[in-house]
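Engineer: My file is input_21.cif. It has mmCIF, C-alpha atoms and all ligand atoms:
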data_model
loop_
_atom_site.label_atom_id
_atom_site.label_comp_id
_atom_site.auth_asym_id
_atom_site.auth_seq_id
_atom_site.Cartn_x
_atom_site.Cartn_y
_atom_site.Cartn_z
CA MET B 67 27.42 7.15 -13.50
CA ARG B 68 24.05 5.59 -14.27
CA ILE B 69 21.70 4.30 -11.56
CA VAL B 70 18.52 2.35 -12.35
CA VAL B 71 15.95 1.62 -9.65
CA PHE B 72 13.61 -1.35 -9.98
CA ASN B 73 10.82 -0.75 -7.45
CA GLY B 74 8.74 -3.82 -6.57
CA SER B 75 6.04 -2.14 -4.46
CA PRO B 76 2.47 -2.59 -5.72
CA ARG B 77 1.80 0.93 -4.37
CA ALA B 78 4.31 2.41 -6.87
CA GLU B 79 4.61 6.21 -6.41
CA LYS B 80 2.18 6.14 -3.47
CA GLY B 81 4.44 3.81 -1.48
CA ASN B 82 6.85 4.30 1.38
CA THR B 83 9.56 2.58 -0.65
CA HIS B 84 9.19 5.31 -3.27
CA ILE B 85 9.66 8.02 -0.64
CA MET B 86 13.01 6.44 0.24
CA VAL B 87 13.98 6.01 -3.42
CA GLU B 88 13.05 9.60 -4.33
CA GLU B 89 15.28 11.07 -1.62
CA PHE B 90 18.16 8.72 -2.43
CA LEU B 91 17.93 9.59 -6.14
CA SER B 92 17.73 13.31 -5.50
CA GLY B 93 21.10 13.11 -3.69
CA ALA B 94 22.55 10.96 -6.46
CA LYS B 95 21.33 13.37 -9.16
CA GLU B 96 22.76 16.33 -7.27
CA ALA B 97 26.13 14.55 -7.32
CA GLY B 98 25.87 14.13 -11.09
CA ALA B 99 24.33 10.68 -11.62
CA GLU B 100 21.98 9.89 -14.45
CA THR B 101 19.03 8.06 -12.90
CA GLU B 102 15.98 6.07 -13.91
CA ASN B 103 13.20 4.96 -11.59
CA ILE B 104 11.13 2.01 -12.79
CA PHE B 105 7.91 0.82 -11.15
CA LEU B 106 7.79 -2.90 -11.90
CA VAL B 107 4.04 -3.01 -11.12
CA LYS B 108 3.45 -0.89 -14.23
CA LYS B 109 5.33 -3.33 -16.44
CA SER B 110 4.11 -6.57 -17.88
CA ILE B 111 6.45 -9.14 -16.31
CA LYS B 112 5.12 -12.67 -16.36
CA TYR B 113 6.55 -15.39 -14.14
CA CYS B 114 9.43 -17.60 -15.33
CA LEU B 115 8.17 -20.79 -16.97
CA GLY B 116 11.26 -22.81 -16.02
CA CYS B 117 11.64 -24.05 -19.61
CA PHE B 118 15.36 -23.11 -19.83
CA ASP B 119 14.79 -22.02 -23.45
CA CYS B 120 16.80 -18.88 -22.55
CA TRP B 121 19.79 -21.21 -22.10
CA ILE B 122 19.08 -23.71 -24.88
CA LYS B 123 16.93 -22.52 -27.80
CA THR B 124 17.39 -18.74 -27.67
CA PRO B 125 20.55 -18.22 -25.56
CA GLY B 126 20.32 -15.03 -23.53
CA GLU B 127 16.72 -14.37 -24.50
CA CYS B 128 13.49 -15.39 -22.80
CA ILE B 129 10.75 -16.80 -25.00
CA ILE B 130 8.06 -14.82 -23.14
CA LYS B 131 7.30 -11.66 -25.05
CA ASP B 132 6.71 -8.99 -22.42
CA ASP B 133 8.46 -5.96 -20.88
CA MET B 134 11.26 -8.05 -19.38
CA LYS B 135 13.28 -7.79 -22.60
CA GLU B 136 13.47 -4.00 -22.08
CA MET B 137 14.19 -4.49 -18.34
CA LEU B 138 17.14 -6.82 -19.07
CA LEU B 139 18.68 -4.21 -21.35
CA LYS B 140 18.27 -1.57 -18.65
CA PHE B 141 19.82 -3.96 -16.12
CA ILE B 142 22.99 -4.58 -18.09
CA GLU B 143 23.39 -1.02 -19.36
CA THR B 144 23.75 0.59 -15.95
CA ASP B 145 26.55 0.92 -13.40
CA ILE B 146 24.31 0.43 -10.37
CA VAL B 147 20.96 -1.30 -9.93
CA VAL B 148 18.78 -0.57 -6.94
CA PHE B 149 16.44 -3.35 -5.85
CA ALA B 150 13.74 -1.37 -4.01
CA THR B 151 11.03 -3.37 -2.30
CA PRO B 152 8.80 -3.27 0.74
CA LEU B 153 9.18 -6.21 3.09
CA TYR B 154 6.43 -8.73 2.38
CA VAL B 155 6.24 -11.79 4.66
CA ASP B 156 9.88 -11.23 5.60
CA ASN B 157 10.89 -11.20 1.94
CA VAL B 158 10.68 -9.21 -1.30
CA THR B 159 7.26 -8.72 -2.91
CA GLY B 160 5.99 -11.18 -5.50
CA ILE B 161 6.41 -8.47 -8.14
CA MET B 162 10.11 -8.22 -7.29
CA LYS B 163 10.56 -12.00 -7.14
CA ASN B 164 9.07 -12.44 -10.63
CA PHE B 165 11.50 -9.82 -11.87
CA MET B 166 14.45 -11.50 -10.14
CA ASP B 167 13.57 -14.94 -11.56
CA ARG B 168 13.46 -13.44 -15.04
CA LEU B 169 17.09 -12.21 -14.75
CA ILE B 170 18.21 -15.78 -15.44
CA PRO B 171 18.83 -15.24 -19.20
CA LEU B 172 21.77 -13.04 -18.15
CA LEU B 173 23.62 -16.13 -16.95
CA ASP B 174 25.02 -19.11 -18.80
CA PRO B 175 23.93 -22.63 -17.87
CA TYR B 176 27.43 -23.85 -17.04
CA PHE B 177 28.44 -24.57 -13.42
CA LYS B 178 31.64 -23.17 -11.98
CA LYS B 179 32.88 -23.20 -8.39
CA ASP B 180 33.49 -19.75 -6.93
CA GLU B 181 36.26 -18.76 -4.51
CA ASN B 182 34.27 -20.27 -1.61
CA GLY B 183 33.91 -23.61 -3.34
CA GLU B 184 30.22 -23.04 -4.12
CA CYS B 185 28.73 -23.48 -7.60
CA ARG B 186 27.54 -20.51 -9.65
CA HIS B 187 26.42 -20.21 -13.24
CA THR B 188 28.98 -18.54 -15.43
CA ASN B 189 28.25 -15.01 -16.53
CA ARG B 190 27.09 -14.29 -20.07
CA ASN B 191 29.24 -11.65 -21.65
CA PHE B 192 28.15 -8.51 -19.78
CA LYS B 193 29.46 -6.33 -16.98
CA SER B 194 27.39 -6.89 -13.85
CA PRO B 195 26.06 -3.71 -12.30
CA LYS B 196 26.77 -3.12 -8.62
CA ILE B 197 23.82 -3.68 -6.30
CA ILE B 198 22.02 -1.46 -3.78
CA VAL B 199 19.03 -2.59 -1.74
CA ILE B 200 16.36 -0.22 -0.43
CA SER B 201 13.53 -1.60 1.68
CA ASN B 202 11.08 -0.67 4.38
CA SER B 203 8.79 -2.62 6.66
CA GLY B 204 5.71 -2.17 8.81
CA PHE B 205 7.34 -3.53 11.98
CA PRO B 206 9.81 -1.10 13.53
CA GLU B 207 12.88 -3.23 14.27
CA GLN B 208 15.80 -3.46 11.82
CA SER B 209 16.06 -7.21 12.52
CA HIS B 210 13.11 -7.83 10.18
CA PHE B 211 15.50 -7.39 7.24
CA GLN B 212 17.65 -10.42 8.11
CA VAL B 213 16.28 -12.43 5.18
CA LEU B 214 16.82 -9.61 2.68
CA GLN B 215 20.38 -9.09 3.89
CA LEU B 216 21.26 -12.69 3.20
CA LEU B 217 19.15 -12.94 0.05
CA PHE B 218 20.77 -10.00 -1.73
CA ARG B 219 24.28 -11.06 -0.72
CA ARG B 220 23.60 -14.41 -2.35
CA ILE B 221 21.97 -12.82 -5.39
CA ALA B 222 25.03 -10.59 -5.81
CA LYS B 223 27.24 -13.70 -5.84
CA ASN B 224 24.97 -15.37 -8.38
CA MET B 225 25.11 -12.28 -10.58
CA HIS B 226 28.92 -11.96 -10.19
CA SER B 227 28.40 -8.62 -8.51
CA GLU B 228 28.52 -7.07 -5.03
CA VAL B 229 26.13 -5.28 -2.69
CA ILE B 230 27.61 -1.82 -2.15
CA ALA B 231 24.84 -0.43 0.08
CA GLU B 232 21.75 -1.61 1.93
CA ILE B 233 19.23 0.88 3.26
CA TYR B 234 16.58 -0.75 5.40
CA ARG B 235 13.96 1.20 7.30
CA GLY B 236 11.91 -0.57 9.96
CA GLY B 237 8.70 1.31 10.75
CA GLY B 238 8.59 2.66 7.19
CA GLU B 239 4.84 3.32 7.42
CA ILE B 240 5.72 6.54 9.23
CA LEU B 241 7.27 7.99 6.07
CA ARG B 242 3.94 9.01 4.53
CA ASN B 243 2.49 10.23 7.81
CA LYS B 244 1.49 13.90 7.45
CA MET B 245 1.27 14.78 11.17
CA LEU B 246 3.15 18.05 11.63
CA ILE B 247 4.69 16.85 14.86
CA LEU B 248 6.49 14.06 12.97
CA ALA B 249 7.79 16.24 10.10
CA PRO B 250 11.15 17.22 11.67
CA PHE B 251 12.00 13.55 12.37
CA ILE B 252 11.00 12.37 8.90
CA ASN B 253 12.80 15.28 7.22
CA SER B 254 15.96 14.57 9.14
CA TYR B 255 15.85 10.92 7.96
CA LYS B 256 15.24 12.10 4.38
CA LYS B 257 18.36 14.28 4.52
CA TYR B 258 20.44 11.18 5.26
CA LEU B 259 18.85 9.34 2.36
CA GLN B 260 19.91 12.22 0.11
CA LYS B 261 23.40 12.10 1.61
CA ALA B 262 23.49 8.36 0.90
CA GLY B 263 22.71 8.99 -2.78
CA LYS B 264 25.48 11.56 -2.97
CA GLU B 265 28.02 9.33 -1.24
CA ILE B 266 27.30 6.43 -3.57
CA VAL B 267 28.04 8.59 -6.61
CA GLU B 268 31.17 10.05 -5.05
CA ASN B 269 32.63 7.01 -3.24
CA LEU B 270 30.59 3.94 -4.30
CA LYS B 271 29.90 3.33 -0.62
CA LEU B 272 28.18 4.86 2.39
CA SER B 273 30.12 6.52 5.18
CA ASP B 274 29.95 5.01 8.68
CA GLU B 275 28.15 8.16 9.87
CA THR B 276 25.43 7.86 7.20
CA ILE B 277 24.97 4.15 7.89
CA ALA B 278 24.62 4.85 11.62
CA LYS B 279 22.08 7.65 11.03
CA LEU B 280 20.03 5.56 8.59
CA GLU B 281 19.95 2.61 11.01
CA LYS B 282 18.55 4.72 13.86
CA PRO B 283 14.75 4.61 14.34
CA ILE B 284 12.95 7.74 13.06
CA ILE B 285 10.98 7.81 16.32
CA PRO B 286 11.31 5.46 19.31
CA ASP B 287 9.82 2.01 18.66
CA GLU B 288 7.35 2.26 21.56
CA GLN B 289 5.94 5.52 20.18
CA TYR B 290 5.66 4.02 16.69
CA ILE B 291 3.87 0.90 17.98
CA LYS B 292 1.42 3.02 19.99
CA GLY B 293 0.72 5.22 16.95
CA ALA B 294 0.29 2.20 14.67
CA ASN B 295 -2.20 0.50 17.00
CA LYS B 296 -4.15 3.74 17.47
CA SER B 297 -4.35 4.17 13.71
CA TRP B 298 -5.58 0.55 13.30
CA ASP B 299 -8.22 1.21 16.01
CA LYS B 300 -9.45 4.28 14.12
CA THR B 301 -9.48 2.56 10.71
CA LEU B 302 -11.32 -0.51 11.97
CA ALA B 303 -13.86 1.61 13.91
CA ARG B 304 -14.54 3.67 10.76
CA ILE B 305 -15.20 0.52 8.73
CA LYS B 306 -17.41 -0.97 11.48
CA ASN B 307 -19.50 2.21 11.61
CA LYS B 308 -20.07 2.05 7.85
CA LEU B 309 -21.30 -1.57 7.98
C1 LIG T 401 1.17 -8.74 2.06
C2 LIG T 401 2.00 -7.90 3.00
C3 LIG T 401 3.00 -8.51 3.75
C4 LIG T 401 3.78 -7.77 4.64
N1 LIG T 401 4.73 -8.39 5.38
C5 LIG T 401 5.46 -7.69 6.27
C6 LIG T 401 6.43 -8.34 7.08
O1 LIG T 401 6.69 -9.53 6.97
N2 LIG T 401 7.09 -7.60 7.99
C7 LIG T 401 6.86 -6.26 8.15
O2 LIG T 401 7.49 -5.64 9.00
N3 LIG T 401 5.97 -5.60 7.37
C8 LIG T 401 5.25 -6.29 6.44
N4 LIG T 401 4.34 -5.64 5.63
C9 LIG T 401 4.19 -4.16 5.72
C10 LIG T 401 4.93 -3.42 4.58
O3 LIG T 401 6.29 -3.78 4.53
C11 LIG T 401 4.79 -1.91 4.81
O4 LIG T 401 3.43 -1.57 4.75
C12 LIG T 401 5.57 -1.07 3.83
O5 LIG T 401 5.60 0.26 4.32
C13 LIG T 401 4.97 -1.06 2.43
O6 LIG T 401 5.79 -0.34 1.55
P1 LIG T 401 5.20 0.38 0.24
O7 LIG T 401 4.30 1.48 0.73
O8 LIG T 401 6.37 0.89 -0.51
O9 LIG T 401 4.46 -0.67 -0.53
C14 LIG T 401 3.54 -6.36 4.75
C15 LIG T 401 2.54 -5.75 3.98
C16 LIG T 401 1.77 -6.51 3.12
C17 LIG T 401 0.69 -5.84 2.30
#
Output the file's structure in the form of structure tokens.

Structural biologist:
Amino acid sequence: MRIVVFNGSPRAEKGNTHIMVEEFLSGAKEAGAETENIFLVKKSIKYCLGCFDCWIKTPGECIIKDDMKEMLLKFIETDIVVFATPLYVDNVTGIMKNFMDRLIPLLDPYFKKDENGECRHTNRNFKSPKIIVISNSGFPEQSHFQVLQLLFRRIAKNMHSEVIAEIYRGGGEILRNKMLILAPFINSYKKYLQKAGKEIVENLKLSDETIAKLEKPIIPDEQYIKGANKSWDKTLARIKNKL
């Protein structure tokens, strides 16, 4: 099984999203998957021009000459794609959105009603990879991912695919916290990310136990909020003292 991660965080390997991806992939690799981890911020991916040339003049191919040509090949040559993104303004990052818009050459222009009576574009001749979503947010509650949940379900329909797992972590800023007192809680969460990677390779889905563990806050929300505000106090005081 091949798994390709497209990570839309501008922080790339320094990001909290990457911490989640790394653990997930280590479990998947241990279970025998071949994996690739792509930082979209390091690629040249310009925004879609809306010209529809990829449907008319050069079917299946975008006229913009940048790294998206290589990304499209990676997208269609894998069994599973992971959309990994931090939550930005309740949504994916701009980097990820540019990437998603540029997936359009994979579809045909024609309209066809799906089983729910809603129009989709027909699929160009390729096997759609299954979809996994990995995201984290600054706010601690899991409810902040409501938009992503709906968005990726709809994207999966558009791409003639399905979402097989969603791993959302509210309060994700804690993941790169180096305070020793937090280590056991963060490490325990990481173990379940690894288990998730393994389960996907073995069963193409997450077990109820893993889902429940991954949904639980790493530390209680109140503690996280207190820590976050204290850290903002310190950061802002440091900056003020320098001015
Ligand atoms: C421009 C911007 C918008 C953000 N919007 C949200 C938001 O709507 N909700 C939220 O909980 N966190 C928000 N965050 C916080 C990020 O989701 C959080 O810092 C996350 O850990 C970043 O992941 P990364 O380190 O992988 O980039 C935002 C951060 C930035 C920079």

Engineer: Enumerate as an MDAnalysis selection string the residues within 12 Å of ligand LIG 401 (chain T), counting all atoms listed in the file.

Structural biologist: chainID B and resid 73:88 105 107 150:162 200:214 234:243 291 294

Engineer: So that I can see what lies close to Asp145 in chain B, please list as a ChimeraX atom specification the residues with an atom at most 12 Å from it, counting all atoms listed in the file and leaving out residues fewer than 3 positions away in the same chain.

Structural biologist: /B:67-71,99-102,140-142,148,192-198,227-228,230,266-267,270

Engineer: Kindly export the residues of the current selection with C-alpha atoms, as a tab-separated table (two decimals), keeping the file's coordinate frame.

Structural biologist:
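Writing done, so here's result05.tsv:
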chain	number	residue	atom	x	y	z
B	67	MET	CA	27.42	7.15	-13.50
B	68	ARG	CA	24.05	5.59	-14.27
B	69	ILE	CA	21.70	4.30	-11.56
B	70	VAL	CA	18.52	2.35	-12.35
B	71	VAL	CA	15.95	1.62	-9.65
B	99	ALA	CA	24.33	10.68	-11.62
B	100	GLU	CA	21.98	9.89	-14.45
B	101	THR	CA	19.03	8.06	-12.90
B	102	GLU	CA	15.98	6.07	-13.91
B	140	LYS	CA	18.27	-1.57	-18.65
B	141	PHE	CA	19.82	-3.96	-16.12
B	142	ILE	CA	22.99	-4.58	-18.09
B	148	VAL	CA	18.78	-0.57	-6.94
B	192	PHE	CA	28.15	-8.51	-19.78
B	193	LYS	CA	29.46	-6.33	-16.98
B	194	SER	CA	27.39	-6.89	-13.85
B	195	PRO	CA	26.06	-3.71	-12.30
B	196	LYS	CA	26.77	-3.12	-8.62
B	197	ILE	CA	23.82	-3.68	-6.30
B	198	ILE	CA	22.02	-1.46	-3.78
B	227	SER	CA	28.40	-8.62	-8.51
B	228	GLU	CA	28.52	-7.07	-5.03
B	230	ILE	CA	27.61	-1.82	-2.15
B	266	ILE	CA	27.30	6.43	-3.57
B	267	VAL	CA	28.04	8.59	-6.61
B	270	LEU	CA	30.59	3.94	-4.30

Engineer: I'd like the interatomic distance between CA of Thr144 in chain B and CA of Ala231 in chain B, to a tenth of an Å.

Structural biologist: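 Atom-to-atom, CA of Thr144 in chain B and CA of Ala231 in chain B are spaced 16.1 Å apart.
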
Engineer: Out of B:Phe90, B:Gln215, B:Ala97, B:Lys223, which residue has the shortest atom-to-atom distance to Asn269 in chain B when counting all atoms listed in the file?

Structural biologist: B:Ala97

Engineer: Record the distance separating CA of Glu265 in chain B and CA of Arg219 in chain B, expressed in Å with one decimal.

Structural biologist: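 Spanning CA of Glu265 in chain B to CA of Arg219 in chain B is a straight-line distance of 20.7 Å.
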
Engineer: Hey, can I get the axis-aligned box for range 249-262 of chain B? All listed atoms, 5 Å padding on each side, centre and edge lengths in Å to one decimal, as AutoDock Vina command-line options.

Structural biologist:
--center_x 15.6 --center_y 12.8 --center_z 6.2 --size_x 25.7 --size_y 18.9 --size_z 22.3

Engineer: Would you mind reading off the distance between CA of Leu172 in chain B and CA of Gly126 in chain B, one decimal, in Å?

Structural biologist: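 So the answer is 5.9 Å.
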
Engineer: Can you list, as a list in words, every protein, DNA or RNA residue that comes within 12 Å of Tyr176 in chain B when you count only C-alpha atoms, leaving out same-chain residues fewer than 3 positions away?

Structural biologist: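 Counting only C-alpha atoms, the residues come to Trp121, Ile122, Leu173, Lys179, Cys185, Arg186, His187, Thr188, Asn189 and Arg190 of chain B.
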
Engineer: Taking only C-alpha atoms into account, which of B:Tyr290, B:Phe149, B:Tyr258, B:Phe118 comes nearest Phe165 in chain B?

Structural biologist: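 For Phe165 in chain B, the nearest of the given residues is B:Phe149.
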
Engineer: Quick one: of B:Ala222, B:Tyr113, B:Asn164, B:Glu143, who's nearest to Ile129 in chain B, counting all atoms listed in the file?

Structural biologist: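 Nearest to Ile129 in chain B: B:Tyr113.
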